[in-house]
$ cat model_27.cif   # mmCIF, C-alpha atoms
data_query
loop_
_atom_site.label_atom_id
_atom_site.label_comp_id
_atom_site.auth_asym_id
_atom_site.auth_seq_id
_atom_site.Cartn_x
_atom_site.Cartn_y
_atom_site.Cartn_z
CA MET A 4 27.59 -51.97 34.02
CA ILE A 5 27.81 -55.62 33.19
CA LEU A 6 24.68 -55.45 31.07
CA GLY A 7 26.81 -53.71 28.47
CA GLY A 8 28.70 -56.93 28.13
CA GLU A 9 32.09 -55.94 26.86
CA LYS A 10 35.10 -57.52 28.42
CA LEU A 11 37.30 -54.95 30.09
CA GLU A 12 40.05 -57.10 31.52
CA GLY A 13 43.21 -55.62 32.79
CA LYS A 14 41.79 -52.28 33.86
CA SER A 15 41.13 -51.09 37.34
CA VAL A 16 37.55 -50.71 38.42
CA THR A 17 37.86 -46.94 38.53
CA GLU A 18 38.93 -46.87 34.90
CA GLN A 19 36.13 -49.21 33.89
CA VAL A 20 33.64 -47.01 35.68
CA ALA A 21 34.98 -43.89 33.97
CA GLU A 22 34.71 -45.54 30.57
CA TYR A 23 31.20 -46.72 31.25
CA LEU A 24 30.15 -43.26 32.40
CA ILE A 25 31.51 -41.50 29.35
CA SER A 26 30.08 -44.05 26.95
CA HIS A 27 26.68 -43.77 28.59
CA VAL A 28 26.25 -40.05 28.10
CA SER A 29 27.98 -39.60 24.77
CA ASN A 30 26.91 -40.67 21.34
CA SER A 31 27.74 -44.11 19.99
CA SER A 32 30.77 -44.05 17.75
CA ILE A 33 30.22 -43.42 14.07
CA GLU A 34 32.08 -46.59 13.17
CA LYS A 35 29.70 -48.83 15.09
CA PRO A 36 26.27 -47.29 14.67
CA ILE A 37 22.97 -48.98 15.28
CA ILE A 38 22.01 -49.11 11.61
CA LYS A 39 24.64 -48.46 8.99
CA ILE A 40 23.69 -46.38 5.98
CA ASN A 41 26.20 -45.68 3.29
CA GLU A 42 27.38 -42.20 2.53
CA ILE A 43 24.96 -39.85 0.84
CA PHE A 44 26.71 -36.90 -0.85
CA GLY A 45 29.71 -37.52 1.30
CA ILE A 46 27.90 -37.31 4.64
CA ASP A 47 27.77 -40.43 6.72
CA MET A 48 24.13 -40.89 7.66
CA SER A 49 24.35 -43.90 9.94
CA ILE A 50 21.89 -44.11 12.77
CA THR A 51 23.70 -43.54 16.01
CA LYS A 52 22.24 -43.63 19.49
CA HIS A 53 21.23 -39.99 19.68
CA VAL A 54 19.75 -40.01 16.18
CA LEU A 55 17.56 -42.94 17.17
CA MET A 56 16.44 -41.09 20.28
CA LEU A 57 15.64 -37.99 18.20
CA TRP A 58 13.37 -40.05 16.00
CA ILE A 59 11.67 -41.71 18.94
CA VAL A 60 11.03 -38.29 20.50
CA SER A 61 9.59 -36.95 17.23
CA ILE A 62 7.26 -39.92 16.90
CA LEU A 63 6.10 -39.57 20.50
CA VAL A 64 5.50 -35.82 20.18
CA SER A 65 3.46 -36.45 17.05
CA LEU A 66 1.43 -39.15 18.77
CA PHE A 67 0.74 -37.23 21.93
CA VAL A 68 0.41 -33.68 20.70
CA ILE A 69 -0.37 -33.45 17.00
CA ILE A 70 -2.90 -36.24 16.60
CA PRO A 71 -5.20 -35.39 19.56
CA ILE A 72 -5.19 -31.71 18.64
CA ARG A 73 -6.08 -32.44 15.02
CA LYS A 74 -8.94 -34.64 16.11
CA TYR A 75 -10.13 -31.97 18.51
CA LEU A 76 -9.96 -29.23 15.90
CA ARG A 77 -11.98 -31.25 13.43
CA GLN A 78 -14.97 -31.54 15.76
CA SER A 79 -17.72 -29.01 15.33
CA THR A 80 -18.68 -28.81 19.00
CA TYR A 81 -16.39 -27.88 21.86
CA ASN A 82 -15.77 -31.32 23.33
CA PRO A 83 -12.15 -31.66 24.37
CA SER A 84 -10.70 -34.95 25.43
CA LYS A 85 -8.37 -35.15 28.39
CA THR A 86 -5.20 -34.93 26.34
CA SER A 87 -6.53 -31.95 24.43
CA SER A 88 -7.40 -30.14 27.64
CA ALA A 89 -3.96 -30.73 29.07
CA ILE A 90 -2.26 -29.53 25.91
CA GLU A 91 -4.61 -26.56 25.76
CA ALA A 92 -3.63 -25.57 29.30
CA ILE A 93 0.04 -25.67 28.39
CA VAL A 94 -0.51 -23.75 25.16
CA GLN A 95 -2.45 -21.07 26.99
CA PHE A 96 0.22 -20.77 29.65
CA ILE A 97 2.98 -20.37 27.11
CA ARG A 98 1.08 -17.96 24.94
CA ASP A 99 -0.07 -15.71 27.76
CA SER A 100 2.92 -15.62 30.02
CA ILE A 101 5.89 -16.28 27.74
CA VAL A 102 5.12 -15.09 24.23
CA MET A 103 2.62 -12.27 24.74
CA PRO A 104 4.57 -10.11 27.25
CA ASN A 105 7.70 -10.27 25.16
CA VAL A 106 6.52 -10.11 21.60
CA GLY A 107 3.45 -7.92 21.81
CA PRO A 108 -0.10 -8.58 20.63
CA LYS A 109 0.62 -7.90 16.96
CA TRP A 110 3.02 -10.80 16.49
CA VAL A 111 1.75 -13.36 18.97
CA ASN A 112 0.15 -15.63 16.40
CA THR A 113 3.27 -15.56 14.24
CA TRP A 114 5.71 -16.70 16.86
CA THR A 115 3.68 -18.88 19.24
CA PRO A 116 3.94 -22.03 17.07
CA LEU A 117 7.73 -21.90 17.03
CA VAL A 118 7.95 -21.36 20.78
CA LEU A 119 5.46 -24.16 21.42
CA THR A 120 7.41 -26.53 19.20
CA PHE A 121 10.57 -25.78 21.11
CA PHE A 122 8.86 -26.33 24.43
CA PHE A 123 7.23 -29.65 23.60
CA PHE A 124 10.22 -31.06 21.80
CA ILE A 125 12.72 -30.16 24.52
CA LEU A 126 10.36 -31.33 27.26
CA PHE A 127 9.82 -34.71 25.64
CA ALA A 128 13.48 -35.16 24.71
CA ASN A 129 14.68 -34.33 28.21
CA GLY A 130 12.01 -36.43 29.85
CA ILE A 131 12.57 -39.53 27.77
CA GLY A 132 16.25 -39.38 28.65
CA MET A 133 15.29 -39.95 32.28
CA ILE A 134 13.57 -43.27 31.49
CA PRO A 135 16.04 -46.16 31.40
CA ILE A 136 14.23 -48.07 28.66
CA PHE A 137 16.92 -49.64 26.63
CA ASP A 138 19.11 -50.85 29.44
CA LEU A 139 16.36 -53.30 30.32
CA LEU A 140 16.83 -54.95 26.94
CA GLY A 141 20.18 -56.15 28.21
CA VAL A 142 18.38 -58.48 30.57
CA ALA A 143 17.19 -60.49 27.59
CA LYS A 144 20.72 -60.92 26.41
CA TYR A 145 22.07 -61.74 29.82
CA SER A 146 19.43 -64.33 30.60
CA GLY A 147 20.35 -66.22 27.46
CA LEU A 148 17.01 -65.80 25.71
CA THR A 149 18.40 -64.30 22.58
CA ASP A 150 21.78 -63.33 21.28
CA SER A 151 21.01 -60.95 18.47
CA ALA A 152 23.57 -58.28 17.73
CA PHE A 153 20.84 -55.77 16.92
CA LEU A 154 19.39 -56.18 20.41
CA TYR A 155 22.82 -55.79 21.90
CA SER A 156 23.43 -52.62 20.01
CA LEU A 157 20.05 -51.33 21.17
CA THR A 158 21.02 -51.66 24.82
CA LYS A 159 23.31 -48.78 24.24
CA GLY A 160 20.26 -46.68 23.44
CA GLY A 161 18.08 -44.72 25.79
CA ALA A 162 20.11 -41.57 25.96
CA THR A 163 19.12 -37.98 26.34
CA ALA A 164 18.92 -36.54 22.87
CA THR A 165 19.33 -32.98 24.09
CA GLY A 166 22.41 -33.97 26.03
CA ASN A 167 24.32 -33.90 22.79
CA PHE A 168 25.86 -30.51 22.10
CA GLN A 169 25.12 -30.80 18.41
CA VAL A 170 21.38 -31.28 18.92
CA THR A 171 21.10 -28.21 21.10
CA ALA A 172 23.32 -26.29 18.70
CA ALA A 173 20.81 -27.10 15.95
CA LEU A 174 17.98 -25.78 18.11
CA ALA A 175 19.98 -22.63 18.91
CA THR A 176 20.65 -22.11 15.19
CA ILE A 177 16.90 -22.07 14.64
CA THR A 178 16.67 -19.39 17.34
CA PHE A 179 19.46 -17.41 15.67
CA PHE A 180 17.65 -17.31 12.34
CA ALA A 181 14.30 -16.73 14.02
CA ILE A 182 15.68 -13.55 15.61
CA ILE A 183 16.84 -12.25 12.24
CA VAL A 184 13.55 -13.17 10.57
CA ALA A 185 11.55 -11.52 13.36
CA GLY A 186 13.47 -8.27 13.08
CA THR A 187 13.23 -8.32 9.30
CA LYS A 188 9.49 -8.92 9.32
CA ALA A 189 8.88 -6.17 11.83
CA HIS A 190 11.23 -3.47 10.60
CA GLY A 191 12.63 -4.40 7.23
CA PHE A 192 15.99 -5.96 6.46
CA ILE A 193 18.34 -2.98 6.77
CA LYS A 194 16.53 -1.36 9.64
CA HIS A 195 16.82 -4.54 11.70
CA TRP A 196 20.60 -4.39 11.50
CA LYS A 197 20.57 -0.68 12.24
CA ASN A 198 18.50 -1.40 15.32
CA LEU A 199 21.32 -3.42 16.83
CA VAL A 200 22.91 -0.29 18.26
CA PRO A 201 21.10 2.65 19.84
CA HIS A 202 20.88 5.78 17.76
CA GLY A 203 21.94 9.24 18.67
CA LEU A 204 25.30 8.52 20.26
CA ALA A 205 28.60 10.22 19.52
CA TRP A 206 30.16 8.51 16.53
CA PRO A 207 33.42 7.15 18.05
CA ILE A 208 31.40 4.94 20.40
CA TYR A 209 30.04 2.98 17.47
CA PHE A 210 33.49 1.50 16.82
CA LEU A 211 33.26 -0.19 20.20
CA LEU A 212 29.55 -0.91 20.22
CA ILE A 213 29.12 -2.66 16.89
CA PRO A 214 31.63 -5.50 17.54
CA ILE A 215 30.15 -5.99 20.99
CA GLU A 216 26.64 -6.27 19.60
CA LEU A 217 27.75 -8.63 16.86
CA MET A 218 29.50 -10.83 19.39
CA GLY A 219 26.40 -10.69 21.54
CA MET A 220 24.35 -11.97 18.63
CA ILE A 221 26.55 -15.06 18.48
CA VAL A 222 27.05 -15.54 22.20
CA LYS A 223 23.35 -15.63 23.06
CA PRO A 224 22.51 -18.77 21.04
CA PHE A 225 25.83 -20.26 22.15
CA ALA A 226 24.82 -19.83 25.77
CA LEU A 227 21.46 -21.43 24.99
CA THR A 228 23.27 -24.42 23.53
CA MET A 229 25.65 -24.91 26.39
CA ARG A 230 23.08 -24.34 29.11
CA LEU A 231 20.70 -27.03 27.91
CA ALA A 232 23.30 -29.62 26.94
CA ALA A 233 25.47 -29.18 30.03
CA ASN A 234 22.49 -29.33 32.38
CA MET A 235 21.27 -32.58 30.88
CA THR A 236 24.65 -34.26 30.68
CA GLY A 237 25.71 -33.08 34.12
CA GLY A 238 22.62 -34.48 35.78
CA HIS A 239 23.13 -37.90 34.26
CA ILE A 240 26.81 -37.96 35.13
CA ALA A 241 25.99 -37.08 38.74
CA ILE A 242 23.47 -39.91 39.05
CA LEU A 243 25.79 -42.45 37.43
CA ALA A 244 28.77 -41.37 39.50
CA LEU A 245 26.82 -41.84 42.69
CA LEU A 246 25.71 -45.27 41.62
CA SER A 247 29.24 -46.29 40.66
CA LEU A 248 30.52 -45.49 44.15
CA THR A 249 29.29 -48.95 45.10
CA ALA A 250 31.65 -50.66 42.68
CA ILE A 251 34.57 -48.41 43.51
CA PHE A 252 34.30 -48.92 47.25
CA ALA A 253 33.82 -52.65 46.89
CA ASP A 254 36.96 -52.81 44.81
CA LYS A 255 39.01 -50.64 47.11
CA PHE A 256 38.31 -52.63 50.23
CA GLN A 257 37.99 -55.95 48.41
CA SER A 258 34.91 -56.94 50.36
CA THR A 259 31.26 -57.27 49.49
CA VAL A 260 30.08 -55.79 52.78
CA ALA A 261 31.69 -52.45 52.00
CA GLY A 262 29.97 -52.41 48.63
CA VAL A 263 26.57 -53.18 50.07
CA GLY A 264 27.05 -50.63 52.83
CA VAL A 265 27.90 -47.89 50.40
CA ALA A 266 24.99 -48.97 48.21
CA LEU A 267 22.63 -48.39 51.12
CA ILE A 268 23.72 -44.76 51.10
CA SER A 269 24.36 -44.10 47.44
CA VAL A 270 21.11 -45.48 46.01
CA PRO A 271 18.82 -43.20 48.07
CA MET A 272 21.03 -40.26 47.23
CA ALA A 273 20.88 -41.14 43.56
CA THR A 274 17.10 -41.31 43.85
CA ALA A 275 17.01 -37.86 45.42
CA ILE A 276 19.17 -36.45 42.66
CA SER A 277 16.91 -38.10 40.11
CA GLY A 278 14.02 -36.21 41.67
CA LEU A 279 16.01 -32.98 41.37
CA GLU A 280 16.76 -33.94 37.78
CA ILE A 281 13.06 -34.10 36.98
CA ILE A 282 12.71 -30.52 38.17
CA VAL A 283 15.72 -29.55 36.07
CA VAL A 284 14.12 -31.20 33.02
CA LEU A 285 11.01 -29.04 33.32
CA VAL A 286 12.90 -25.89 34.13
CA GLN A 287 15.43 -26.19 31.32
CA ALA A 288 12.66 -26.61 28.75
CA TYR A 289 10.96 -23.55 30.22
CA VAL A 290 14.14 -21.48 30.24
CA PHE A 291 15.06 -22.30 26.64
CA THR A 292 11.56 -21.37 25.52
CA LEU A 293 11.51 -18.20 27.59
CA LEU A 294 14.87 -17.01 26.32
CA THR A 295 13.87 -17.67 22.72
CA ALA A 296 10.74 -15.58 23.24
CA VAL A 297 12.73 -12.83 24.96
CA PHE A 298 15.29 -12.64 22.15
CA ILE A 299 12.59 -12.56 19.49
CA GLY A 300 10.81 -9.86 21.46
CA MET A 301 14.02 -7.85 21.71
CA ALA A 302 14.36 -7.94 17.94
CA ILE A 303 10.78 -6.80 17.43
CA ASN A 304 10.36 -4.18 20.17
CA VAL A 305 13.65 -2.37 20.17
CA HIS A 306 13.91 -0.52 23.45
CA HIS A 307 17.36 0.92 23.73
CA MET B 25 52.96 -24.51 36.12
CA GLU B 26 50.72 -26.53 33.86
CA PRO B 27 47.35 -25.13 33.02
CA THR B 28 45.58 -27.74 35.10
CA THR B 29 47.30 -27.34 38.47
CA LEU B 30 45.01 -24.58 39.70
CA LEU B 31 41.88 -26.15 38.21
CA PRO B 32 40.43 -27.38 41.55
CA ILE B 33 40.76 -23.87 42.99
CA GLY B 34 39.05 -22.50 39.90
CA LEU B 35 36.15 -24.90 40.26
CA GLY B 36 35.79 -23.97 43.92
CA LEU B 37 35.66 -20.29 42.96
CA ILE B 38 32.95 -21.02 40.40
CA VAL B 39 30.84 -22.72 43.05
CA ILE B 40 31.42 -19.89 45.53
CA GLY B 41 30.39 -17.32 42.93
CA ALA B 42 27.23 -19.16 41.93
CA GLY B 43 26.29 -19.85 45.53
CA MET B 44 26.73 -16.24 46.62
CA GLY B 45 24.79 -14.90 43.65
CA ILE B 46 21.86 -17.25 44.03
CA GLY B 47 21.85 -16.72 47.79
CA ARG B 48 21.53 -12.95 47.37
CA PHE B 49 18.72 -13.51 44.92
CA ALA B 50 16.82 -15.76 47.26
CA SER B 51 17.25 -13.43 50.23
CA ALA B 52 16.10 -10.38 48.29
CA ALA B 53 13.09 -12.29 46.99
CA ALA B 54 12.18 -13.59 50.45
CA GLU B 55 12.43 -10.10 51.95
CA SER B 56 10.26 -8.51 49.31
CA ILE B 57 7.64 -11.24 49.59
CA ALA B 58 7.61 -10.70 53.35
CA ARG B 59 6.95 -7.01 52.82
CA GLN B 60 4.16 -7.49 50.28
CA PRO B 61 2.55 -10.91 50.34
CA GLU B 62 0.12 -9.97 47.56
CA ALA B 63 2.93 -9.61 45.06
CA ALA B 64 4.31 -13.08 45.74
CA ASP B 65 3.40 -14.45 42.31
CA LYS B 66 4.93 -11.53 40.45
CA ILE B 67 8.12 -11.66 42.43
CA THR B 68 8.49 -15.38 41.84
CA GLY B 69 7.97 -14.83 38.15
CA ALA B 70 10.50 -12.02 38.11
CA ILE B 71 13.31 -13.95 39.75
CA ASN B 72 12.76 -17.12 37.75
CA LEU B 73 14.60 -15.94 34.69
CA PRO B 74 17.74 -14.40 36.27
CA LEU B 75 18.04 -17.40 38.57
CA PHE B 76 18.42 -19.84 35.77
CA LEU B 77 20.55 -17.50 33.71
CA LEU B 78 22.98 -17.38 36.63
CA GLU B 79 22.89 -21.13 36.94
CA GLY B 80 23.61 -21.31 33.21
CA VAL B 81 26.69 -19.14 33.70
CA ALA B 82 27.96 -21.43 36.43
CA ILE B 83 27.42 -24.51 34.29
CA LEU B 84 29.11 -22.89 31.31
CA ALA B 85 32.14 -22.17 33.48
CA GLU B 86 32.22 -25.76 34.68
CA VAL B 87 32.06 -27.06 31.14
CA PHE B 88 35.01 -24.86 30.18
CA ALA B 89 36.94 -26.09 33.20
CA PHE B 90 36.25 -29.67 32.16
CA LEU B 91 37.37 -28.88 28.63
CA MET B 92 40.60 -27.44 29.96
CA LEU B 93 41.15 -30.66 31.83
CA VAL B 94 40.54 -32.87 28.85
CA LEU B 95 42.24 -30.91 26.07
#
$ encode --input "model_27.cif" --output "structure tokens"
Amino acid sequence: MILGGEKLEGKSVTEQVAEYLISHVSNSSIEKPIIKINEIFGIDMSITKHVLMLWIVSILVSLFVIIPIRKYLRQSTYNPSKTSSAIEAIVQFIRDSIVMPNVGPKWVNTWTPLVLTFFFFILFANGIGMIPIFDLLGVAKYSGLTDSAFLYSLTKGGATATGNFQVTAALATITFFAIIVAGTKAHGFIKHWKNLVPHGLAWPIYFLLIPIELMGMIVKPFALTMRLAANMTGGHIAILALLSLTAIFADKFQSTVAGVGVALISVPMATAISGLEIIVVLVQAYVFTLLTAVFIGMAINVHH
Amino acid sequence: MEPTTLLPIGLGLIVIGAGMGIGRFASAAAESIARQPEAADKITGAINLPLFLLEGVAILAEVFAFLMLVL
């Protein structure tokens, strides 16, 4: 808490803790970004905390996935390195158990790259959010080594990029358009929209069915958004709230012993919930990928 | 009554609903694996998806409750 460094005099400890919690999981404010860029076409493109994390995740995914695979594909003999074998195992798992049963053998090679991109990106973005990198930079400031403002603004980094609702909404928008493109490629533009409702029903039912299906088209990516973002944010808030119990109890009883006693309980519990959070990271990446594949499959193989 | 007076009861109902649903899932899965141990992998694969969809519903409801508190 104190590594952040701002003076919060005159507020109770509970209020300070609440502010710290909210500022930790939400984006840095647009007025005080990490790097300020002037407006381009009226859109403020300053680098905030989550934008920086998005870039770091992209660079890491490129380093760990794209470059080894390119090197492996360029060889003439089958000689995979360890990274290539690991990535190959994951690719095979996703292609055979997520994409193939839903999409069918005709369209597997069209849609596997998109699903794989989703999986790797969300996995890396969720996972990097669990590593408290940037908070350690605050130690440099606190120990008096350096006093740069850039370093200070970086301590507010290290957030979960997919914890931001707008990032996951962007991913869900890609899913939304991928569903329409999949149906159009498989059946043609008009037939895809006609496939939304089952044929051969009495005509008054269509007045009820078409709005429901249209709403369903919007609600499914919306649920994808909220599921991923809320899971990530909720996990972090739970861990931070447990760790802040120390400060709150120490303030309430005005003694250090109470704080240390509560810390003896709350730190192991926070560790256990961090372990659970690692499982949630893997599972949420898997669920987003699976649901994308299922929705694309539903647009291709209409089975009313 | 303000909109936020019954919010704690609402949150409790969300947790009860999610807990009961996931509990029924787990018990049905455990029973069917006990009947047919060979199909354990398939059953696990089949309940994976609805389990996390249900958890997603619970989390969506909690996010809406939090929004009602804040707005």
$ interface_residues --input "model_27.cif" --of "chain A" --to "chain B" --cutoff "8 Å" --atoms "all atoms listed in the file" --output "ChimeraX atom specification"
/A:226,229-230,233-234,290
$ resolve_selection --input "model_27.cif" --expression "the PyMOL selection byres ((chain A and resi 262-269) around 9)" --output "list of chain:residue names"
A:Leu245, A:Leu246, A:Ser247, A:Leu248, A:Thr249, A:Ala250, A:Ile251, A:Phe252, A:Ala253, A:Asp254, A:Phe256, A:Gln257, A:Ser258, A:Thr259, A:Val260, A:Ala261, A:Val270, A:Pro271, A:Met272, A:Ala273, A:Thr274
$ resolve_selection --input "model_27.cif" --expression "the PyMOL selection byres ((chain A and resi 91-101) around 8)" --output "ChimeraX atom specification"
/A:87-90,102-105,111,115,119,292-293,296
$ atom_distance --input "model_27.cif" --atom1 "atom CA of A:Ile50" --atom2 "atom CA of A:Glu22"
22.0 Å
$ atom_distance --input "model_27.cif" --atom1 "atom CA of A:His53" --atom2 "atom CA of A:Val170"
8.7 Å
$ resolve_selection --input "model_27.cif" --expression "the PyMOL selection byres ((chain B and resi 93) around 12)" --output "list in words"
Glu26, Pro27, Thr28, Thr29, Leu30, Leu31, Pro32, Gly34, Leu35, Glu86, Val87, Phe88, Ala89, Phe90, Leu91, Met92, Val94 and Leu95 of chain B
$ atom_distance --input "model_27.cif" --atom1 "atom CA of A:Gln287" --atom2 "atom CA of A:Trp110"
24.7 Å
$ axis_aligned_box --input "model_27.cif" --around "stretch 57-70 of chain B" --padding-each-side "6 Å" --output "AutoDock Vina command-line options"
--center_x 5.3 --center_y -11.2 --center_z 45.7 --size_x 22.4 --size_y 20.4 --size_z 27.2
$ build_atoms --input "model_27.cif" --residues "stretch 63-88 of chain B" --atoms "N, CA and C atoms" --output "PDB file, keeping the file's coordinate frame"
ATOM      1  N   ALA B  63       2.142  -9.593  46.295  1.00  0.00           N
ATOM      2  CA  ALA B  63       2.930  -9.610  45.060  1.00  0.00           C
ATOM      3  C   ALA B  63       3.783 -10.854  44.938  1.00  0.00           C
ATOM      4  N   ALA B  64       3.455 -11.896  45.714  1.00  0.00           N
ATOM      5  CA  ALA B  64       4.310 -13.080  45.740  1.00  0.00           C
ATOM      6  C   ALA B  64       4.449 -13.710  44.364  1.00  0.00           C
ATOM      7  N   ASP B  65       3.319 -13.803  43.619  1.00  0.00           N
ATOM      8  CA  ASP B  65       3.400 -14.450  42.310  1.00  0.00           C
ATOM      9  C   ASP B  65       4.297 -13.674  41.364  1.00  0.00           C
ATOM     10  N   LYS B  66       4.139 -12.343  41.392  1.00  0.00           N
ATOM     11  CA  LYS B  66       4.930 -11.530  40.450  1.00  0.00           C
ATOM     12  C   LYS B  66       6.395 -11.615  40.774  1.00  0.00           C
ATOM     13  N   ILE B  67       6.695 -11.626  42.070  1.00  0.00           N
ATOM     14  CA  ILE B  67       8.120 -11.660  42.430  1.00  0.00           C
ATOM     15  C   ILE B  67       8.714 -12.995  42.023  1.00  0.00           C
ATOM     16  N   THR B  68       7.972 -14.070  42.247  1.00  0.00           N
ATOM     17  CA  THR B  68       8.490 -15.380  41.840  1.00  0.00           C
ATOM     18  C   THR B  68       8.722 -15.427  40.344  1.00  0.00           C
ATOM     19  N   GLY B  69       7.773 -14.846  39.589  1.00  0.00           N
ATOM     20  CA  GLY B  69       7.970 -14.830  38.150  1.00  0.00           C
ATOM     21  C   GLY B  69       9.162 -13.994  37.746  1.00  0.00           C
ATOM     22  N   ALA B  70       9.413 -12.907  38.506  1.00  0.00           N
ATOM     23  CA  ALA B  70      10.500 -12.020  38.110  1.00  0.00           C
ATOM     24  C   ALA B  70      11.860 -12.617  38.403  1.00  0.00           C
ATOM     25  N   ILE B  71      11.972 -13.435  39.462  1.00  0.00           N
ATOM     26  CA  ILE B  71      13.310 -13.950  39.750  1.00  0.00           C
ATOM     27  C   ILE B  71      13.591 -15.255  39.037  1.00  0.00           C
ATOM     28  N   ASN B  72      12.556 -15.848  38.442  1.00  0.00           N
ATOM     29  CA  ASN B  72      12.760 -17.120  37.750  1.00  0.00           C
ATOM     30  C   ASN B  72      13.849 -17.028  36.702  1.00  0.00           C
ATOM     31  N   LEU B  73      13.691 -16.021  35.829  1.00  0.00           N
ATOM     32  CA  LEU B  73      14.600 -15.940  34.690  1.00  0.00           C
ATOM     33  C   LEU B  73      16.040 -15.663  35.101  1.00  0.00           C
ATOM     34  N   PRO B  74      16.329 -14.627  35.938  1.00  0.00           N
ATOM     35  CA  PRO B  74      17.740 -14.400  36.270  1.00  0.00           C
ATOM     36  C   PRO B  74      18.354 -15.549  37.051  1.00  0.00           C
ATOM     37  N   LEU B  75      17.508 -16.263  37.810  1.00  0.00           N
ATOM     38  CA  LEU B  75      18.040 -17.400  38.570  1.00  0.00           C
ATOM     39  C   LEU B  75      18.652 -18.431  37.655  1.00  0.00           C
ATOM     40  N   PHE B  76      17.892 -18.792  36.604  1.00  0.00           N
ATOM     41  CA  PHE B  76      18.420 -19.840  35.770  1.00  0.00           C
ATOM     42  C   PHE B  76      19.437 -19.343  34.779  1.00  0.00           C
ATOM     43  N   LEU B  77      19.439 -18.040  34.495  1.00  0.00           N
ATOM     44  CA  LEU B  77      20.550 -17.500  33.710  1.00  0.00           C
ATOM     45  C   LEU B  77      21.842 -17.617  34.498  1.00  0.00           C
ATOM     46  N   LEU B  78      21.766 -17.306  35.806  1.00  0.00           N
ATOM     47  CA  LEU B  78      22.980 -17.380  36.630  1.00  0.00           C
ATOM     48  C   LEU B  78      23.457 -18.810  36.747  1.00  0.00           C
ATOM     49  N   GLU B  79      22.487 -19.734  36.868  1.00  0.00           N
ATOM     50  CA  GLU B  79      22.890 -21.130  36.940  1.00  0.00           C
ATOM     51  C   GLU B  79      23.536 -21.559  35.624  1.00  0.00           C
ATOM     52  N   GLY B  80      23.013 -21.009  34.503  1.00  0.00           N
ATOM     53  CA  GLY B  80      23.610 -21.310  33.210  1.00  0.00           C
ATOM     54  C   GLY B  80      25.051 -20.832  33.123  1.00  0.00           C
ATOM     55  N   VAL B  81      25.314 -19.657  33.711  1.00  0.00           N
ATOM     56  CA  VAL B  81      26.690 -19.140  33.700  1.00  0.00           C
ATOM     57  C   VAL B  81      27.612 -20.076  34.471  1.00  0.00           C
ATOM     58  N   ALA B  82      27.120 -20.538  35.631  1.00  0.00           N
ATOM     59  CA  ALA B  82      27.960 -21.430  36.430  1.00  0.00           C
ATOM     60  C   ALA B  82      28.238 -22.730  35.673  1.00  0.00           C
ATOM     61  N   ILE B  83      27.217 -23.245  34.988  1.00  0.00           N
ATOM     62  CA  ILE B  83      27.420 -24.510  34.290  1.00  0.00           C
ATOM     63  C   ILE B  83      28.324 -24.327  33.091  1.00  0.00           C
ATOM     64  N   LEU B  84      28.195 -23.177  32.410  1.00  0.00           N
ATOM     65  CA  LEU B  84      29.110 -22.890  31.310  1.00  0.00           C
ATOM     66  C   LEU B  84      30.544 -22.881  31.800  1.00  0.00           C
ATOM     67  N   ALA B  85      30.774 -22.238  32.960  1.00  0.00           N
ATOM     68  CA  ALA B  85      32.140 -22.170  33.480  1.00  0.00           C
ATOM     69  C   ALA B  85      32.655 -23.552  33.823  1.00  0.00           C
ATOM     70  N   GLU B  86      31.767 -24.416  34.348  1.00  0.00           N
ATOM     71  CA  GLU B  86      32.220 -25.760  34.680  1.00  0.00           C
ATOM     72  C   GLU B  86      32.556 -26.551  33.443  1.00  0.00           C
ATOM     73  N   VAL B  87      31.762 -26.330  32.368  1.00  0.00           N
ATOM     74  CA  VAL B  87      32.060 -27.060  31.140  1.00  0.00           C
ATOM     75  C   VAL B  87      33.405 -26.626  30.573  1.00  0.00           C
ATOM     76  N   PHE B  88      33.707 -25.298  30.670  1.00  0.00           N
ATOM     77  CA  PHE B  88      35.010 -24.860  30.180  1.00  0.00           C
ATOM     78  C   PHE B  88      36.139 -25.421  31.021  1.00  0.00           C
TER      79      PHE B  88
END
